[in-house]
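What follows is the content of data25.tsv, which has TSV, C-alpha atoms and all ligand atoms:
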```tsv
chain	number	residue	atom	x	y	z
O	155	MET	CA	-45.48	107.37	284.82
O	156	PHE	CA	-43.76	109.14	287.71
O	157	ARG	CA	-42.86	112.81	287.55
O	158	MET	CA	-39.67	114.36	288.85
O	159	LEU	CA	-38.98	118.07	289.28
O	160	ALA	CA	-35.22	117.72	289.80
O	161	VAL	CA	-32.47	115.12	289.86
O	162	ALA	CA	-29.52	115.31	292.23
O	163	GLN	CA	-26.30	113.39	291.65
O	164	PRO	CA	-24.49	113.66	295.00
O	165	ASP	CA	-20.80	112.84	295.33
O	166	THR	CA	-21.06	111.38	298.83
O	167	VAL	CA	-23.49	109.11	300.63
O	168	ALA	CA	-23.89	111.71	303.40
O	169	GLU	CA	-24.97	114.29	300.85
O	170	ALA	CA	-27.35	111.79	299.23
O	171	TYR	CA	-29.00	111.13	302.59
O	172	LYS	CA	-29.29	114.85	303.30
O	173	ILE	CA	-31.11	115.44	300.01
O	174	LEU	CA	-33.26	112.33	300.48
O	175	THR	CA	-34.49	113.48	303.88
O	176	ALA	CA	-34.87	117.16	302.97
O	177	LYS	CA	-38.40	116.61	301.63
O	178	ARG	CA	-40.95	113.90	302.32
O	179	PHE	CA	-41.26	112.69	298.72
O	180	ASN	CA	-37.62	112.97	297.68
O	181	THR	CA	-36.78	109.49	296.44
O	182	VAL	CA	-33.72	107.36	295.77
O	183	LEU	CA	-33.40	106.31	292.13
O	184	GLY	CA	-32.12	102.79	291.50
O	185	GLY	CA	-32.62	101.63	287.93
O	186	CYS	CA	-36.12	103.26	287.97
O	187	ALA	CA	-37.61	100.11	286.42
O	188	TRP	CA	-40.19	99.90	289.19
O	189	LEU	CA	-40.52	103.61	289.96
O	190	ARG	CA	-41.51	104.38	286.38
O	191	MET	CA	-44.53	102.08	286.72
O	192	GLY	CA	-45.97	104.33	289.44
O	193	SER	CA	-47.36	107.84	289.49
O	194	LEU	CA	-45.25	109.42	292.23
O	195	ALA	CA	-44.59	113.15	292.05
O	196	ILE	CA	-40.96	113.36	293.18
O	197	PRO	CA	-39.54	116.78	294.11
O	198	THR	CA	-35.93	115.55	293.86
O	199	GLY	CA	-34.78	112.16	292.67
O	200	VAL	CA	-31.52	111.10	294.30
O	201	ASP	CA	-29.38	109.39	291.67
O	202	LEU	CA	-26.65	107.24	293.28
O	203	SER	CA	-24.62	106.74	290.13
O	204	LYS	CA	-21.67	108.90	291.28
O	205	LEU	CA	-21.20	106.90	294.49
O	206	ASN	CA	-19.28	103.97	292.98
O	207	LEU	CA	-21.79	101.35	294.07
O	208	THR	CA	-21.49	99.12	291.01
O	209	TYR	CA	-18.94	96.66	292.40
O	210	ILE	CA	-19.14	92.94	293.09
O	211	ASN	CA	-16.15	92.37	295.37
O	212	ASP	CA	-15.09	88.77	295.87
O	213	CYS	CA	-13.29	89.14	299.22
O	214	ALA	CA	-11.69	86.46	301.40
O	215	ASP	CA	-14.71	85.91	303.66
O	216	THR	CA	-17.54	87.69	301.86
O	217	ILE	CA	-18.94	88.70	298.51
O	218	GLU	CA	-20.00	92.36	298.57
O	219	ILE	CA	-22.54	93.64	296.07
O	220	GLY	CA	-22.90	97.42	295.71
O	221	ALA	CA	-26.46	98.76	295.66
O	222	MET	CA	-26.27	99.96	292.03
O	223	VAL	CA	-25.20	96.55	290.67
O	224	THR	CA	-27.70	95.48	288.05
O	225	LEU	CA	-29.46	92.13	288.06
O	226	ARG	CA	-27.70	91.35	284.80
O	227	ALA	CA	-24.30	91.90	286.43
O	228	ILE	CA	-25.36	89.47	289.16
O	229	GLU	CA	-26.40	86.96	286.53
O	230	LYS	CA	-23.01	87.25	284.79
O	231	SER	CA	-20.85	87.32	287.92
O	232	ARG	CA	-18.39	84.47	288.11
O	233	ALA	CA	-17.98	84.84	291.88
O	234	LEU	CA	-21.74	84.54	292.41
O	235	ALA	CA	-22.04	81.66	289.94
O	236	GLU	CA	-19.44	79.76	291.92
O	237	TYR	CA	-20.89	80.48	295.36
O	238	GLY	CA	-23.92	78.74	296.91
O	239	ASN	CA	-24.46	76.66	293.77
O	240	GLY	CA	-25.09	79.87	291.84
O	241	ILE	CA	-28.61	80.34	293.23
O	242	LEU	CA	-28.47	84.15	293.08
O	243	PRO	CA	-27.69	84.32	289.33
O	244	GLN	CA	-30.25	81.55	288.82
O	245	ALA	CA	-32.92	83.41	290.80
O	246	VAL	CA	-32.59	86.61	288.74
O	247	SER	CA	-32.38	84.88	285.36
O	248	ASN	CA	-36.17	84.72	284.87
O	249	ILE	CA	-36.89	88.35	285.71
O	250	ILE	CA	-38.46	89.83	282.57
O	251	GLY	CA	-35.57	89.85	280.07
O	252	VAL	CA	-31.95	90.84	279.57
O	253	GLN	CA	-32.66	94.51	278.75
O	254	PHE	CA	-34.72	94.85	281.92
O	255	ARG	CA	-32.05	93.14	284.02
O	256	ASN	CA	-29.48	95.56	282.60
O	257	VAL	CA	-31.40	98.34	284.34
O	258	ALA	CA	-32.94	96.99	287.57
O	259	THR	CA	-30.57	97.13	290.56
O	260	VAL	CA	-29.99	94.99	293.62
O	261	GLY	CA	-30.49	98.08	295.84
O	262	GLY	CA	-33.97	98.71	294.43
O	263	SER	CA	-34.81	95.02	294.61
O	264	VAL	CA	-33.85	94.61	298.27
O	265	PHE	CA	-34.85	98.00	299.69
O	266	ALA	CA	-38.32	97.88	298.13
O	267	ARG	CA	-39.05	94.50	299.85
O	268	PHE	CA	-41.28	93.24	297.04
O	269	GLY	CA	-43.30	90.21	298.10
O	270	PHE	CA	-42.64	88.52	294.77
O	271	SER	CA	-38.90	89.13	294.92
O	272	ASP	CA	-36.70	86.33	293.61
O	273	VAL	CA	-33.65	88.28	294.78
O	274	ILE	CA	-34.68	88.45	298.45
O	275	THR	CA	-35.59	84.75	298.59
O	276	ALA	CA	-32.17	83.69	297.29
O	277	LEU	CA	-30.29	86.20	299.49
O	278	LEU	CA	-32.08	85.03	302.65
O	279	ALA	CA	-30.99	81.45	301.98
O	280	LEU	CA	-27.40	82.69	301.54
O	281	ASP	CA	-27.59	84.36	304.99
O	282	ALA	CA	-26.97	87.80	303.45
O	283	GLU	CA	-26.59	91.04	305.35
O	284	VAL	CA	-27.42	94.56	304.25
O	285	GLU	CA	-25.57	97.78	304.96
O	286	LEU	CA	-27.67	100.92	305.25
O	287	TYR	CA	-26.30	104.44	305.61
O	288	LYS	CA	-28.28	105.28	308.77
O	289	GLY	CA	-29.44	101.83	309.88
O	290	GLY	CA	-25.95	100.27	309.70
O	291	ARG	CA	-25.24	96.60	309.09
O	292	MET	CA	-27.83	93.93	309.88
O	293	SER	CA	-29.02	90.58	308.60
O	294	LEU	CA	-31.41	90.76	305.67
O	295	ALA	CA	-33.93	88.84	307.80
O	296	ASP	CA	-33.79	91.58	310.48
O	297	PHE	CA	-34.07	94.32	307.85
O	298	LEU	CA	-37.25	92.72	306.48
O	299	ASP	CA	-38.74	92.65	309.99
O	300	LYS	CA	-38.07	96.34	310.66
O	301	PRO	CA	-40.62	99.06	309.92
O	302	ARG	CA	-39.91	100.90	306.67
O	303	ALA	CA	-37.80	104.04	307.11
O	304	LYS	CA	-36.05	106.40	304.72
O	305	ASP	CA	-32.47	105.26	304.26
O	306	LEU	CA	-29.89	104.38	301.63
O	307	LEU	CA	-28.97	100.81	300.97
O	308	ILE	CA	-25.24	100.82	300.32
O	309	LYS	CA	-24.43	97.16	299.77
O	310	VAL	CA	-25.46	93.55	300.27
O	311	VAL	CA	-22.89	91.28	301.93
O	312	ILE	CA	-22.91	87.51	301.48
O	313	PRO	CA	-20.74	85.55	303.93
O	314	LYS	CA	-18.53	83.01	302.13
O	315	THR	CA	-18.89	79.60	303.73
O	316	GLU	CA	-19.27	76.00	302.58
O	317	ARG	CA	-23.04	76.58	302.20
O	318	THR	CA	-24.78	74.59	299.48
O	319	ALA	CA	-28.10	75.78	298.10
O	320	ALA	CA	-30.91	75.25	295.61
O	321	TYR	CA	-33.53	77.55	294.10
O	322	GLN	CA	-37.00	76.73	292.78
O	323	ALA	CA	-39.64	79.07	291.36
O	324	LEU	CA	-43.04	78.57	289.85
O	325	ARG	CA	-44.39	80.97	287.20
O	326	ASN	CA	-47.44	80.83	284.95
O	327	SER	CA	-45.10	81.75	282.10
O	328	ALA	CA	-41.44	82.64	281.75
O	329	SER	CA	-40.79	86.26	282.76
O	330	ASP	CA	-44.09	86.62	284.65
O	331	PHE	CA	-44.04	87.40	288.39
O	332	PRO	CA	-43.47	84.19	290.37
O	333	ILE	CA	-46.45	82.41	291.95
O	334	LEU	CA	-44.07	81.07	294.57
O	335	ASN	CA	-40.31	80.92	295.01
O	336	VAL	CA	-38.25	78.77	297.33
O	337	ALA	CA	-34.59	78.67	298.31
O	338	VAL	CA	-33.05	76.05	300.56
O	339	SER	CA	-29.49	75.97	301.86
O	340	ARG	CA	-27.35	73.90	304.16
O	341	LEU	CA	-24.20	74.70	306.12
O	342	ASP	CA	-23.04	71.55	307.93
O	343	ALA	CA	-26.13	70.44	309.89
O	344	GLU	CA	-27.85	73.85	309.79
O	345	TRP	CA	-30.57	74.22	307.14
O	346	LYS	CA	-32.46	77.26	305.88
O	347	ILE	CA	-35.80	77.03	304.10
O	348	VAL	CA	-37.05	80.28	302.55
O	349	VAL	CA	-40.38	80.76	300.81
O	350	GLY	CA	-41.27	83.95	298.92
O	351	ALA	CA	-44.07	85.30	296.71
O	352	ARG	CA	-46.55	83.82	299.21
O	353	PRO	CA	-47.48	86.53	297.93
O	354	ALA	CA	-46.03	88.29	300.99
O	355	VAL	CA	-42.29	88.85	301.19
O	356	ALA	CA	-39.96	85.88	301.66
O	357	LYS	CA	-39.73	84.33	305.10
O	358	LEU	CA	-37.66	81.62	306.76
O	359	ALA	CA	-39.50	78.47	307.82
O	360	VAL	CA	-37.39	78.10	310.95
O	361	ASP	CA	-39.15	75.16	312.62
O	362	ALA	CA	-39.44	73.18	309.38
O	363	ALA	CA	-35.68	73.53	308.80
O	364	LYS	CA	-34.96	72.01	312.24
O	365	LEU	CA	-36.54	68.76	311.06
O	366	LEU	CA	-33.53	68.25	308.78
O	367	THR	CA	-30.75	68.61	311.33
O	368	ASP	CA	-30.69	64.91	312.25
O	369	GLY	CA	-30.25	63.72	308.67
O	370	VAL	CA	-31.99	63.85	305.33
O	371	THR	CA	-34.09	60.80	304.62
O	372	PRO	CA	-37.07	60.76	302.22
O	373	GLU	CA	-39.33	60.90	305.31
O	374	ALA	CA	-37.44	63.89	306.73
O	375	ILE	CA	-37.76	65.73	303.39
O	376	GLU	CA	-41.49	65.02	303.27
O	377	ASN	CA	-41.94	66.11	306.89
O	378	ALA	CA	-39.95	69.33	306.42
O	379	ALA	CA	-41.85	70.21	303.23
O	380	GLN	CA	-45.20	69.64	304.95
O	381	ALA	CA	-44.05	71.58	308.01
O	382	ALA	CA	-42.90	74.57	305.91
O	383	ALA	CA	-46.32	74.73	304.23
O	384	ALA	CA	-48.00	74.62	307.65
O	385	GLU	CA	-45.63	77.08	309.36
O	386	LEU	CA	-45.87	79.89	306.80
O	387	SER	CA	-48.92	81.86	305.76
O	388	PHE	CA	-50.14	82.16	302.17
O	389	GLY	CA	-52.50	84.55	300.43
O	390	ASP	CA	-54.55	84.92	297.25
O	391	ASN	CA	-53.82	87.23	294.37
O	392	MET	CA	-54.61	87.29	290.64
O	393	ARG	CA	-51.91	84.69	289.95
O	394	ALA	CA	-52.84	81.97	292.45
O	395	SER	CA	-54.91	81.14	295.51
O	396	ALA	CA	-53.50	80.69	299.00
O	397	LYS	CA	-54.43	76.99	298.88
O	398	TYR	CA	-52.59	76.44	295.60
O	399	ARG	CA	-49.52	78.24	296.92
O	400	GLN	CA	-49.56	76.12	300.07
O	401	GLU	CA	-49.71	72.91	298.03
O	402	MET	CA	-46.96	74.09	295.69
O	403	CYS	CA	-44.85	75.06	298.69
O	404	LYS	CA	-44.67	71.39	299.70
O	405	VAL	CA	-43.55	70.41	296.21
O	406	LEU	CA	-40.94	73.14	295.71
O	407	VAL	CA	-39.49	72.84	299.23
O	408	GLY	CA	-39.25	69.06	298.85
O	409	ARG	CA	-37.45	69.41	295.51
O	410	ALA	CA	-35.06	72.04	296.80
O	411	ILE	CA	-34.13	70.00	299.89
O	412	ALA	CA	-33.50	66.92	297.74
O	413	GLU	CA	-31.32	69.01	295.42
O	414	VAL	CA	-29.24	70.36	298.30
O	415	ALA	CA	-28.96	66.90	299.87
O	416	ALA	CA	-27.55	65.62	296.57
O	417	CYS	CA	-24.83	68.33	296.52
O	418	LYS	CA	-21.31	67.16	297.19
R	501	LIG	C1	-42.87	94.63	285.32
R	501	LIG	C2	-41.92	94.18	286.40
R	501	LIG	C3	-41.77	92.84	286.65
R	501	LIG	C4	-40.91	92.40	287.67
R	501	LIG	N1	-40.77	91.06	287.90
R	501	LIG	C5	-39.95	90.65	288.90
R	501	LIG	C6	-39.78	89.25	289.19
R	501	LIG	O1	-40.37	88.38	288.56
R	501	LIG	N2	-38.93	88.91	290.19
R	501	LIG	C7	-38.25	89.84	290.93
R	501	LIG	O2	-37.51	89.48	291.82
R	501	LIG	N3	-38.38	91.16	290.67
R	501	LIG	C8	-39.21	91.57	289.68
R	501	LIG	N4	-39.36	92.91	289.44
R	501	LIG	C9	-38.64	93.87	290.31
R	501	LIG	C10	-37.29	94.24	289.69
R	501	LIG	O3	-36.48	93.10	289.62
R	501	LIG	C11	-36.58	95.29	290.54
R	501	LIG	O4	-36.50	94.82	291.84
R	501	LIG	C12	-37.30	96.60	290.54
R	501	LIG	O5	-37.40	97.07	289.24
R	501	LIG	C13	-36.60	97.62	291.45
R	501	LIG	O6	-35.29	97.81	291.02
R	501	LIG	P1	-34.87	99.21	290.41
R	501	LIG	O7	-33.39	99.28	290.39
R	501	LIG	O8	-35.58	99.43	289.12
R	501	LIG	O9	-35.42	100.20	291.54
R	501	LIG	P2	-36.23	101.57	291.40
R	501	LIG	O10	-37.45	101.40	290.58
R	501	LIG	O11	-35.29	102.65	291.00
R	501	LIG	O12	-36.58	101.78	292.94
R	501	LIG	C14	-37.48	100.94	293.61
R	501	LIG	C15	-37.62	101.44	295.05
R	501	LIG	O13	-36.42	101.20	295.76
R	501	LIG	C16	-35.86	102.45	296.23
R	501	LIG	N5	-34.40	102.33	296.08
R	501	LIG	C17	-33.72	101.99	294.96
R	501	LIG	N6	-32.41	101.86	295.25
R	501	LIG	C18	-32.27	102.15	296.55
R	501	LIG	C19	-31.15	102.20	297.45
R	501	LIG	N7	-29.90	101.90	297.07
R	501	LIG	N8	-31.38	102.54	298.74
R	501	LIG	C20	-32.64	102.84	299.17
R	501	LIG	N9	-33.73	102.80	298.36
R	501	LIG	C21	-33.55	102.45	297.09
R	501	LIG	C22	-36.49	103.53	295.37
R	501	LIG	O14	-36.53	104.77	296.03
R	501	LIG	C23	-37.87	102.94	295.15
R	501	LIG	O15	-38.68	103.18	296.26
R	501	LIG	C24	-40.20	93.37	288.43
R	501	LIG	C25	-40.34	94.73	288.15
R	501	LIG	C26	-41.18	95.16	287.14
R	501	LIG	C27	-41.30	96.62	286.86
```

For this file, produce the structure as structure tokens.
Ligand SMILES: Cc1cc2nc3c(=O)[nH]c(=O)nc-3n(C[C@H](O)[C@H](O)[C@H](O)COP(=O)(O)OP(=O)(O)OC[C@H]3O[C@@H](n4cnc5c(N)ncnc54)[C@H](O)[C@@H]3O)c2cc1C
Amino acid sequence: MFRMLAVAQPDTVAEAYKILTAKRFNTVLGGCAWLRMGSLAIPTGVDLSKLNLTYINDCADTIEIGAMVTLRAIEKSRALAEYGNGILPQAVSNIIGVQFRNVATVGGSVFARFGFSDVITALLALDAEVELYKGGRMSLADFLDKPRAKDLLIKVVIPKTERTAAYQALRNSASDFPILNVAVSRLDAEWKIVVGARPAVAKLAVDAAKLLTDGVTPEAIENAAQAAAAELSFGDNMRASAKYRQEMCKVLVGRAIAEVAACK
């Protein structure tokens, strides 16, 4: 269990950042579902709950999700259910259980960059961007490539387009960490193939996706699935071997492409 000497509830993001950076181990508190599993000694925990970051705004061109939105709110959001074939609500629906999802936040899920994250895999396929207090706005893919730095994630922004998408995940049992997760999306002729829980953090299989731009035949699906498994790297952990993950990648990517291809 983590220990905390003090909790601050700042009224502005600027103040939150000032407290966060005042001491090395000062830490942002999301839902604390992950933090409480560790043994950190935190001088000051920075609670963001006074910053009004619990919105899901369905705007004309984007859907904006505040950092303190819970996974359960994502699961229940009508706007998110209706966008991108509802892959984001679908992706979070197997994370532990309802009580847990009522606590865990999107900010904690994205900023922590967990390799097993279902949230990041789905958001990458939806071409999401993140807004950080210091780092500014950038694509989620760029954020994942940057070295870790202290900052505050303010919101996740999903562009609203005609994108269709599908989500697949493999678990040893419901509510366990995923062995592998896959999200595929298409906007006109542009495809995205994302594979997470490799067990490293989700990544786009850029070259594999290009194999679909000329049309989706059974051969093209098979080729893209094989190419994604060859393009990305996989590792072992207690849940599965690298080899098993690589084989399952072909299956899940193939299924997800076929699902997207079948979308009207
Ligand atoms: C037992 C267990 C099983 C899980 N299984 C899955 C799973 O199968 N799939 C899945 O996708 N996820 C899973 N998760 C992760 C979970 O969904 C959340 O992502 C995780 O709990 C972090 O969210 P939180 O709000 O609790 O963050 P916290 O625990 O509060 O914080 C996590 C980290 O993020 C930082 N942080 C939080 N919010 C912000 C912010 N706005 N800006 C900057 N930094 C911030 C914190 O300082 C901390 O370093 C699991 C977690 C646990 C504990």

(request) Determine, counting all atoms listed in the file, which protein, DNA and RNA residues have an atom within 7 Å of an atom of O:Val355; residues of the same chain fewer than 5 positions away are not included. Present the result as a PyMOL selection string. (result) chain O and resi 267-270+350

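Minimum atom-to-atom distance to O:Glu283, evaluated using only C-alpha atoms, belongs to O:Ile217 out of O:Ile217, O:Ile196, O:Ala323, O:Ala412.
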
(message) Residues near O:Leu307, anyone? I mean within 12 Å using only C-alpha atoms, not counting same-chain ones fewer than 2 positions away, as a PyMOL selection string.
(response) chain O and resi 167+170-171+182-184+202+205+207+219-223+259-267+283-292+294+297+303-305+309-311

Using only C-alpha atoms, please write the residues we just selected to a file, as a compact mmCIF listing (two decimals), keeping the file's coordinate frame.
```txt
# COMPACT_ATOMS: atom_id res chain seq x y z
CA VAL O 167 -23.49 109.11 300.63
CA ALA O 170 -27.35 111.79 299.23
CA TYR O 171 -29.00 111.13 302.59
CA VAL O 182 -33.72 107.36 295.77
CA LEU O 183 -33.40 106.31 292.13
CA GLY O 184 -32.12 102.79 291.50
CA LEU O 202 -26.65 107.24 293.28
CA LEU O 205 -21.20 106.90 294.49
CA LEU O 207 -21.79 101.35 294.07
CA ILE O 219 -22.54 93.64 296.07
CA GLY O 220 -22.90 97.42 295.71
CA ALA O 221 -26.46 98.76 295.66
CA MET O 222 -26.27 99.96 292.03
CA VAL O 223 -25.20 96.55 290.67
CA THR O 259 -30.57 97.13 290.56
CA VAL O 260 -29.99 94.99 293.62
CA GLY O 261 -30.49 98.08 295.84
CA GLY O 262 -33.97 98.71 294.43
CA SER O 263 -34.81 95.02 294.61
CA VAL O 264 -33.85 94.61 298.27
CA PHE O 265 -34.85 98.00 299.69
CA ALA O 266 -38.32 97.88 298.13
CA ARG O 267 -39.05 94.50 299.85
CA GLU O 283 -26.59 91.04 305.35
CA VAL O 284 -27.42 94.56 304.25
CA GLU O 285 -25.57 97.78 304.96
CA LEU O 286 -27.67 100.92 305.25
CA TYR O 287 -26.30 104.44 305.61
CA LYS O 288 -28.28 105.28 308.77
CA GLY O 289 -29.44 101.83 309.88
CA GLY O 290 -25.95 100.27 309.70
CA ARG O 291 -25.24 96.60 309.09
CA MET O 292 -27.83 93.93 309.88
CA LEU O 294 -31.41 90.76 305.67
CA PHE O 297 -34.07 94.32 307.85
CA ALA O 303 -37.80 104.04 307.11
CA LYS O 304 -36.05 106.40 304.72
CA ASP O 305 -32.47 105.26 304.26
CA LYS O 309 -24.43 97.16 299.77
CA VAL O 310 -25.46 93.55 300.27
CA VAL O 311 -22.89 91.28 301.93
```

(message) Let me make sure I understand: among O:Asn256, O:Asn239, O:Ser293, O:Ser395, which one has the smallest atom-to-atom distance to O:Tyr321 if we use all atoms listed in the file?
(response)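 Ranked by minimum distance to O:Tyr321, first place goes to O:Asn239.
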
So that I can check the surroundings of O:Ala378, please list as a PDB file with C-alpha atoms, keeping the file's coordinate frame every protein, DNA and RNA residue that reaches within 12 Å of it, counting only C-alpha atoms and ignoring chain neighbours fewer than 4 positions away.
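Output (out-v4.pdb):
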```
ATOM      1  CA  VAL O 338     -33.050  76.050 300.560  1.00  0.00           C
ATOM      2  CA  TRP O 345     -30.570  74.220 307.140  1.00  0.00           C
ATOM      3  CA  LYS O 346     -32.460  77.260 305.880  1.00  0.00           C
ATOM      4  CA  ILE O 347     -35.800  77.030 304.100  1.00  0.00           C
ATOM      5  CA  VAL O 348     -37.050  80.280 302.550  1.00  0.00           C
ATOM      6  CA  ALA O 359     -39.500  78.470 307.820  1.00  0.00           C
ATOM      7  CA  VAL O 360     -37.390  78.100 310.950  1.00  0.00           C
ATOM      8  CA  ASP O 361     -39.150  75.160 312.620  1.00  0.00           C
ATOM      9  CA  ALA O 362     -39.440  73.180 309.380  1.00  0.00           C
ATOM     10  CA  ALA O 363     -35.680  73.530 308.800  1.00  0.00           C
ATOM     11  CA  LYS O 364     -34.960  72.010 312.240  1.00  0.00           C
ATOM     12  CA  LEU O 365     -36.540  68.760 311.060  1.00  0.00           C
ATOM     13  CA  LEU O 366     -33.530  68.250 308.780  1.00  0.00           C
ATOM     14  CA  THR O 367     -30.750  68.610 311.330  1.00  0.00           C
ATOM     15  CA  ASP O 368     -30.690  64.910 312.250  1.00  0.00           C
ATOM     16  CA  GLY O 369     -30.250  63.720 308.670  1.00  0.00           C
ATOM     17  CA  VAL O 370     -31.990  63.850 305.330  1.00  0.00           C
ATOM     18  CA  THR O 371     -34.090  60.800 304.620  1.00  0.00           C
ATOM     19  CA  PRO O 372     -37.070  60.760 302.220  1.00  0.00           C
ATOM     20  CA  GLU O 373     -39.330  60.900 305.310  1.00  0.00           C
ATOM     21  CA  ALA O 374     -37.440  63.890 306.730  1.00  0.00           C
ATOM     22  CA  ALA O 382     -42.900  74.570 305.910  1.00  0.00           C
ATOM     23  CA  ALA O 383     -46.320  74.730 304.230  1.00  0.00           C
ATOM     24  CA  ALA O 384     -48.000  74.620 307.650  1.00  0.00           C
ATOM     25  CA  GLU O 385     -45.630  77.080 309.360  1.00  0.00           C
ATOM     26  CA  CYS O 403     -44.850  75.060 298.690  1.00  0.00           C
ATOM     27  CA  LYS O 404     -44.670  71.390 299.700  1.00  0.00           C
ATOM     28  CA  VAL O 405     -43.550  70.410 296.210  1.00  0.00           C
ATOM     29  CA  LEU O 406     -40.940  73.140 295.710  1.00  0.00           C
ATOM     30  CA  VAL O 407     -39.490  72.840 299.230  1.00  0.00           C
ATOM     31  CA  GLY O 408     -39.250  69.060 298.850  1.00  0.00           C
ATOM     32  CA  ARG O 409     -37.450  69.410 295.510  1.00  0.00           C
ATOM     33  CA  ALA O 410     -35.060  72.040 296.800  1.00  0.00           C
ATOM     34  CA  ILE O 411     -34.130  70.000 299.890  1.00  0.00           C
ATOM     35  CA  ALA O 412     -33.500  66.920 297.740  1.00  0.00           C
TER      36      ALA O 412
END
```

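Proximity to ligand LIG 501 (chain R) was assessed for O:Gly185, O:Pro164, O:Gly199, O:Pro243 counting only C-alpha atoms and all ligand atoms; the smallest distance is recorded for O:Gly185.
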
(request) Can you work out which one of O:Cys186, O:Ile375, O:Ala356, O:Ala195 has the shortest atom-to-atom distance to O:Asp299, counting all atoms listed in the file? (result)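 For O:Asp299, the nearest of the given residues is O:Ala356.
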
(message) What's the separation between atom CA of O:Val200 and atom CA of O:Ala162, in Å to one decimal place?
(response)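 Going from atom CA of O:Val200 over to atom CA of O:Ala162 covers 5.1 Å.
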
(message) Just to confirm, what's the straight-line distance from atom CA of O:Thr198 to atom P1 of ligand LIG 501 (chain R) in Å (one decimal)?
(response) 16.7 Å

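Here atom CA of O:Asp201 stands at a distance of 19.6 Å from atom C24 of ligand LIG 501 (chain R).
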